[in-house]
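Chemist: The structure follows.
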There are 2 protein chains.
Amino acid sequence: MAFMKEYVDILRQHGIQPTPQRLAIAAAVLHSAEHPTADDVYEEAREYSTVLSRATVYNTLNLFVEKGLLRMQILKEGTAVFDPNIERHHHFIDDDDGTIIDIPWGWLSVRGRERLAEFDIREMQVVVRGRRKK
Amino acid sequence: MAFMKEYVDILRQHGIQPTPQRLAIAAAVLHSAEHPTADDVYEEAREYSTVLSRATVYNTLNLFVEKGLLRMQILKEGTAVFDPNIERHHHFIDDDDGTIIDIPWGWLSVRGRERLAEFDIREMQVVVRGRRKK
DNA sequence: TCAAGGTTTAGACAAAGTCCAGGAACAGGC
DNA sequence: GCCTGTTCCTGGACTTTGTCTAAACCTTGA
Ligand SMILES: [Mn+2]
Ligand SMILES: [Mn+2]
Ligand SMILES: [Zn+2]
Ligand SMILES: [Zn+2]
């Protein structure tokens, strides 16, 4: 498990004490190109760490969000997903299999923000749904 | 319950047999300016119809979605909301209390669709989060 | 060695949603 | 009016997602 070294530093830099469980979870989620659910993370992290409980997965994912390592996204019915891409970006969700794909911020631009003067905007994203062409 | 007459016609026009339960649910959701959850609908519909089960609320809301009377939206953590506004539009979600507000389609325009050539787009919306100014 | 925090765990709990078998309501044909 | 087949509704069991709690388990530093 030597490749975990990298995650020790990342966690420390964010003020998080590295533990075997947290490192396994970091390895499962921080470099994922997908947008895993808590349960996805639980399954994958168990491949790295023999002992790991569901509660710890939820605690740790919430901690990572709080410390700015992850963002939680509400894009799927019934479950939150966790996104290691913390830059602003848009999302495409595939109707067939639920796959979530990042759309770079620069690819789309939203005009008309000035009509939203009644809101203090914290974030804004375009959510696109459909199918990938084959 | 005479004002239900209106809903009898709407349901028939969409190929749905009107029943007391369905009419109560229609009255609770179809003209709502809010974006109620299934449980919100359950609570309000019970004010119109004495007997109504949770299962019927879910069955009926799903039926209304299938028949095009409603759209289901994934905007809140933990629960789906139902939207009687079936025209395309955007959404603002208030961080404080979760209130969901419709943003008219024409207020915003998304440029750069041509970069999404790899997708067959079924729908697209801008999701804005923040706070309402007071 | 000891105490104090911090961390993890199992299991209880709650909420959202689906599914099923039995019964009620209803429509069309006599 | 009655029969009969279909549609509809119900309570409750069940599943999944997520939170909470008390006990146990480290660490770290005095
Ligand atoms: Mn795996
Ligand atoms: Mn009410
Ligand atoms: Zn993303
Ligand atoms: Zn809406």
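Note on naming: chains are A, B, ... as they come in the structure tokens, residues start from 1 per chain, ligands start from 1 in the order shown.
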Find the spatial neighbours of DG5 of chain D, counting only C-alpha atoms (C1' of nucleotides), within a cut-off of 12 Å - ignore same-chain residues fewer than 3 positions away - and output them as a ChimeraX atom specification.
Modeler: /C:26-29
Chemist: Got a sec to check which residues lie within 9 Å of ligand 1, using only C-alpha atoms (C1' of nucleotides) and all ligand atoms, and send them as a JSON list (two decimals) with all heavy atoms, in the first residue's frame?
Modeler:
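Final file, result-v2.json:
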[["chain", "number", "residue", "atom", "x", "y", "z"],
["A", 28, "ALA", "N", -10.01, 5.67, -3.15],
["A", 28, "ALA", "CA", -11.19, 5.24, -3.91],
["A", 28, "ALA", "C", -11.88, 6.40, -4.60],
["A", 28, "ALA", "O", -12.49, 6.21, -5.66],
["A", 28, "ALA", "CB", -12.17, 4.51, -3.00],
["A", 40, "ASP", "N", -20.59, 3.07, -3.68],
["A", 40, "ASP", "CA", -19.48, 2.76, -4.60],
["A", 40, "ASP", "C", -18.15, 2.90, -3.87],
["A", 40, "ASP", "O", -17.26, 2.06, -4.01],
["A", 40, "ASP", "CB", -19.48, 3.74, -5.79],
["A", 40, "ASP", "CG", -20.68, 3.55, -6.69],
["A", 40, "ASP", "OD1", -21.23, 2.44, -6.73],
["A", 40, "ASP", "OD2", -21.06, 4.52, -7.38],
["A", 41, "VAL", "N", -18.01, 3.98, -3.13],
["A", 41, "VAL", "CA", -16.77, 4.23, -2.41],
["A", 41, "VAL", "C", -16.53, 3.14, -1.37],
["A", 41, "VAL", "O", -15.41, 2.63, -1.23],
["A", 41, "VAL", "CB", -16.80, 5.62, -1.74],
["A", 41, "VAL", "CG1", -15.59, 5.81, -0.84],
["A", 41, "VAL", "CG2", -16.87, 6.72, -2.79],
["A", 43, "GLU", "N", -17.52, 0.04, -1.43],
["A", 43, "GLU", "CA", -17.10, -1.19, -2.11],
["A", 43, "GLU", "C", -15.63, -1.12, -2.52],
["A", 43, "GLU", "O", -14.85, -2.05, -2.27],
["A", 43, "GLU", "CB", -17.96, -1.45, -3.35],
["A", 43, "GLU", "CG", -19.41, -1.79, -3.05],
["A", 43, "GLU", "CD", -19.53, -3.04, -2.18],
["A", 43, "GLU", "OE1", -18.66, -3.92, -2.26],
["A", 43, "GLU", "OE2", -20.49, -3.11, -1.40],
["A", 44, "GLU", "N", -15.24, -0.02, -3.14],
["A", 44, "GLU", "CA", -13.88, 0.06, -3.65],
["A", 44, "GLU", "C", -12.86, 0.21, -2.52],
["A", 44, "GLU", "O", -11.79, -0.40, -2.56],
["A", 44, "GLU", "CB", -13.74, 1.21, -4.64],
["A", 44, "GLU", "CG", -12.32, 1.26, -5.17],
["A", 44, "GLU", "CD", -12.17, 2.07, -6.43],
["A", 44, "GLU", "OE1", -13.20, 2.40, -7.06],
["A", 44, "GLU", "OE2", -11.02, 2.38, -6.79],
["A", 45, "ALA", "N", -13.21, 1.01, -1.53],
["A", 45, "ALA", "CA", -12.24, 1.24, -0.45],
["A", 45, "ALA", "C", -11.96, -0.04, 0.32],
["A", 45, "ALA", "O", -10.85, -0.23, 0.85],
["A", 45, "ALA", "CB", -12.75, 2.32, 0.50],
["A", 46, "ARG", "N", -12.92, -0.95, 0.38],
["A", 46, "ARG", "CA", -12.71, -2.21, 1.08],
["A", 46, "ARG", "C", -11.65, -3.06, 0.40],
["A", 46, "ARG", "O", -11.11, -3.98, 1.01],
["A", 46, "ARG", "CB", -14.01, -2.98, 1.18],
["A", 46, "ARG", "CG", -14.84, -2.53, 2.37],
["A", 46, "ARG", "CD", -16.30, -2.77, 2.15],
["A", 46, "ARG", "NE", -16.67, -4.17, 2.30],
["A", 46, "ARG", "CZ", -16.96, -4.74, 3.47],
["A", 46, "ARG", "NH1", -16.89, -4.03, 4.57],
["A", 46, "ARG", "NH2", -17.33, -5.99, 3.54],
["A", 47, "GLU", "N", -11.38, -2.77, -0.85],
["A", 47, "GLU", "CA", -10.30, -3.51, -1.52],
["A", 47, "GLU", "C", -8.93, -3.09, -1.00],
["A", 47, "GLU", "O", -7.95, -3.79, -1.19],
["A", 47, "GLU", "CB", -10.38, -3.29, -3.03],
["A", 47, "GLU", "CG", -11.68, -3.83, -3.63],
["A", 47, "GLU", "CD", -11.87, -3.45, -5.09],
["A", 47, "GLU", "OE1", -10.90, -2.97, -5.71],
["A", 47, "GLU", "OE2", -12.99, -3.62, -5.61]]
Chemist: Which polymer residues have any atom within 8 Å of an atom of Met4 of chain B, counting only C-alpha atoms (C1' of nucleotides), with same-chain residues fewer than 4 positions away left out, as number ranges by chain?
Modeler: B: 8, 23, 27
Chemist: Each residue of segment 14-67 of chain B with at least one atom at most 10 Å from segment 89-100 of chain B should appear once, together with its nearest atom pair and the corresponding distance in Å (one decimal); atoms considered: only C-alpha atoms; ordering: chain, then increasing residue number; output as a tab-separated table.
Modeler:
residue	atom	partner	partner_atom	distance
B:Ala33	CA	B:Ile100	CA	9.4
B:Glu34	CA	B:Ile100	CA	6.9
B:His35	CA	B:Ile100	CA	6.4
B:Pro36	CA	B:Ile100	CA	9.4
Chemist: Let me see if you get this right: every residue at most 6 Å from ligand 4, counting only C-alpha atoms (C1' of nucleotides) and all ligand atoms, written as number ranges by chain.
Modeler: B: 83, 85, 102
Chemist: Dump as JSON lines the rows for residues of chain D within 10 Å of chain B: closest atom pair and distance in Å with one decimal, only C-alpha atoms (C1' of nucleotides) counted, ordered by chain and rising residue number.
Modeler:
{"residue": "D:DT7", "atom": "C1'", "partner": "B:Gln17", "partner_atom": "CA", "distance": 9.4}
{"residue": "D:DC8", "atom": "C1'", "partner": "B:Thr19", "partner_atom": "CA", "distance": 8.6}
{"residue": "D:DC9", "atom": "C1'", "partner": "B:Thr56", "partner_atom": "CA", "distance": 6.7}
{"residue": "D:DT10", "atom": "C1'", "partner": "B:Ser53", "partner_atom": "CA", "distance": 6.5}
{"residue": "D:DG11", "atom": "C1'", "partner": "B:Ser53", "partner_atom": "CA", "distance": 8.3}
{"residue": "D:DT17", "atom": "C1'", "partner": "B:Gly78", "partner_atom": "CA", "distance": 8.0}
{"residue": "D:DG18", "atom": "C1'", "partner": "B:Gly78", "partner_atom": "CA", "distance": 8.7}
Chemist: Could you dump the residues just selected with C-alpha atoms (C1' of nucleotides) as a compact mmCIF listing (two decimals), in the first residue's frame?
Modeler:
# COMPACT_ATOMS: atom_id res chain seq x y z
C1' DT D 7 -58.98 -1.45 -12.79
C1' DC D 8 -57.84 0.72 -8.60
C1' DC D 9 -56.61 1.27 -3.74
C1' DT D 10 -54.83 -0.28 0.62
C1' DG D 11 -51.81 -1.73 4.53
C1' DT D 17 -29.77 5.79 1.66
C1' DG D 18 -28.20 8.19 5.34
Chemist: At a cut-off of 8 Å, can you tabulate as a tab-separated table every residue of chain B near chain A together with its closest atom pair and the distance in Å to one decimal, using only C-alpha atoms and ordering rows by chain then number?
Modeler:
residue	atom	partner	partner_atom	distance
B:Ile74	CA	A:Glu77	CA	6.2
B:Leu75	CA	A:Ile74	CA	6.3
B:Lys76	CA	A:Ile74	CA	6.7
B:Glu77	CA	A:Ile74	CA	6.2
B:Gly78	CA	A:Gly78	CA	6.1
B:Thr79	CA	A:Gly78	CA	6.6
B:Ala80	CA	A:Glu77	CA	6.8
B:Trp107	CA	A:Gly112	CA	5.9
B:Leu108	CA	A:Gly112	CA	4.7
B:Ser109	CA	A:Arg111	CA	5.1
B:Val110	CA	A:Val110	CA	4.6
B:Arg111	CA	A:Ser109	CA	5.1
B:Gly112	CA	A:Leu108	CA	4.7
B:Arg113	CA	A:Leu108	CA	6.9
B:Arg115	CA	A:Trp107	CA	6.4
B:Glu118	CA	A:Lys133	CA	5.6
B:Phe119	CA	A:Arg132	CA	4.6
B:Asp120	CA	A:Arg131	CA	5.1
B:Ile121	CA	A:Gly130	CA	4.5
B:Arg122	CA	A:Gly130	CA	4.6
B:Glu123	CA	A:Arg129	CA	5.3
B:Met124	CA	A:Val128	CA	4.3
B:Gln125	CA	A:Val127	CA	5.5
B:Val126	CA	A:Val126	CA	4.4
B:Val127	CA	A:Gln125	CA	5.5
B:Val128	CA	A:Met124	CA	4.3
B:Arg129	CA	A:Glu123	CA	5.4
B:Gly130	CA	A:Ile121	CA	4.5
B:Arg131	CA	A:Asp120	CA	5.1
B:Arg132	CA	A:Phe119	CA	4.6
B:Lys133	CA	A:Phe119	CA	5.5
Chemist: Can you pull out every residue from chain A that DSSP, working from the backbone, puts in strand (DSSP E or B), and format the result as number ranges by chain?
Modeler: A: 37, 71-76, 79-83, 89-94, 100-104, 109-111, 119-132
Chemist: Kindly determine which residues of chain C lie within 10 Å of chain B, considering only C-alpha atoms (C1' of nucleotides), and give the answer as a VMD selection string.
Modeler: chain C and resid 15 to 19 25
Chemist: Using N, CA, C and O atoms (P, O5', C5', C4', C3', O3' and C1' of nucleotides), can you write the selected residues to a file as a PDB file, in the first residue's frame?
Modeler:
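Below is the file selection01.pdb, written as the result:
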ATOM      1  P    DA C  15     -38.399  10.380  10.184  1.00  0.00           P
ATOM      2  O5'  DA C  15     -38.070  10.456   8.633  1.00  0.00           O
ATOM      3  C5'  DA C  15     -36.815  10.956   8.211  1.00  0.00           C
ATOM      4  C4'  DA C  15     -36.650  10.675   6.740  1.00  0.00           C
ATOM      5  C3'  DA C  15     -37.947  10.801   5.941  1.00  0.00           C
ATOM      6  O3'  DA C  15     -37.652  11.499   4.752  1.00  0.00           O
ATOM      7  C1'  DA C  15     -37.019   8.650   5.649  1.00  0.00           C
ATOM      8  P    DA C  16     -38.835  11.777   3.669  1.00  0.00           P
ATOM      9  O5'  DA C  16     -38.408  10.761   2.519  1.00  0.00           O
ATOM     10  C5'  DA C  16     -37.178  10.959   1.840  1.00  0.00           C
ATOM     11  C4'  DA C  16     -37.047   9.946   0.732  1.00  0.00           C
ATOM     12  C3'  DA C  16     -38.226   9.930  -0.238  1.00  0.00           C
ATOM     13  O3'  DA C  16     -37.702   9.854  -1.558  1.00  0.00           O
ATOM     14  C1'  DA C  16     -37.930   7.782   0.719  1.00  0.00           C
ATOM     15  P    DG C  17     -38.706  10.063  -2.796  1.00  0.00           P
ATOM     16  O5'  DG C  17     -39.069   8.553  -3.158  1.00  0.00           O
ATOM     17  C5'  DG C  17     -38.012   7.689  -3.548  1.00  0.00           C
ATOM     18  C4'  DG C  17     -38.492   6.252  -3.536  1.00  0.00           C
ATOM     19  C3'  DG C  17     -39.762   5.974  -4.335  1.00  0.00           C
ATOM     20  O3'  DG C  17     -39.374   5.326  -5.540  1.00  0.00           O
ATOM     21  C1'  DG C  17     -39.613   4.704  -2.314  1.00  0.00           C
ATOM     22  P    DT C  18     -40.435   4.683  -6.559  1.00  0.00           P
ATOM     23  O5'  DT C  18     -40.499   3.146  -6.123  1.00  0.00           O
ATOM     24  C5'  DT C  18     -39.286   2.419  -6.051  1.00  0.00           C
ATOM     25  C4'  DT C  18     -39.572   0.974  -5.699  1.00  0.00           C
ATOM     26  C3'  DT C  18     -40.631   0.307  -6.584  1.00  0.00           C
ATOM     27  O3'  DT C  18     -40.083  -0.941  -6.987  1.00  0.00           O
ATOM     28  C1'  DT C  18     -41.194   0.034  -4.287  1.00  0.00           C
ATOM     29  P    DC C  19     -40.824  -1.849  -8.093  1.00  0.00           P
ATOM     30  O5'  DC C  19     -41.564  -2.944  -7.191  1.00  0.00           O
ATOM     31  C5'  DC C  19     -40.842  -3.535  -6.129  1.00  0.00           C
ATOM     32  C4'  DC C  19     -41.741  -4.486  -5.361  1.00  0.00           C
ATOM     33  C3'  DC C  19     -42.834  -5.155  -6.203  1.00  0.00           C
ATOM     34  O3'  DC C  19     -42.812  -6.544  -5.929  1.00  0.00           O
ATOM     35  C1'  DC C  19     -43.785  -4.115  -4.277  1.00  0.00           C
ATOM     36  P    DA C  25     -66.052   0.250  -1.865  1.00  0.00           P
ATOM     37  O5'  DA C  25     -65.787   0.528  -3.404  1.00  0.00           O
ATOM     38  C5'  DA C  25     -64.698   1.367  -3.781  1.00  0.00           C
ATOM     39  C4'  DA C  25     -64.658   1.477  -5.294  1.00  0.00           C
ATOM     40  C3'  DA C  25     -66.004   1.825  -5.934  1.00  0.00           C
ATOM     41  O3'  DA C  25     -65.773   2.895  -6.828  1.00  0.00           O
ATOM     42  C1'  DA C  25     -65.088  -0.107  -6.955  1.00  0.00           C
TER      43       DA C  25
END
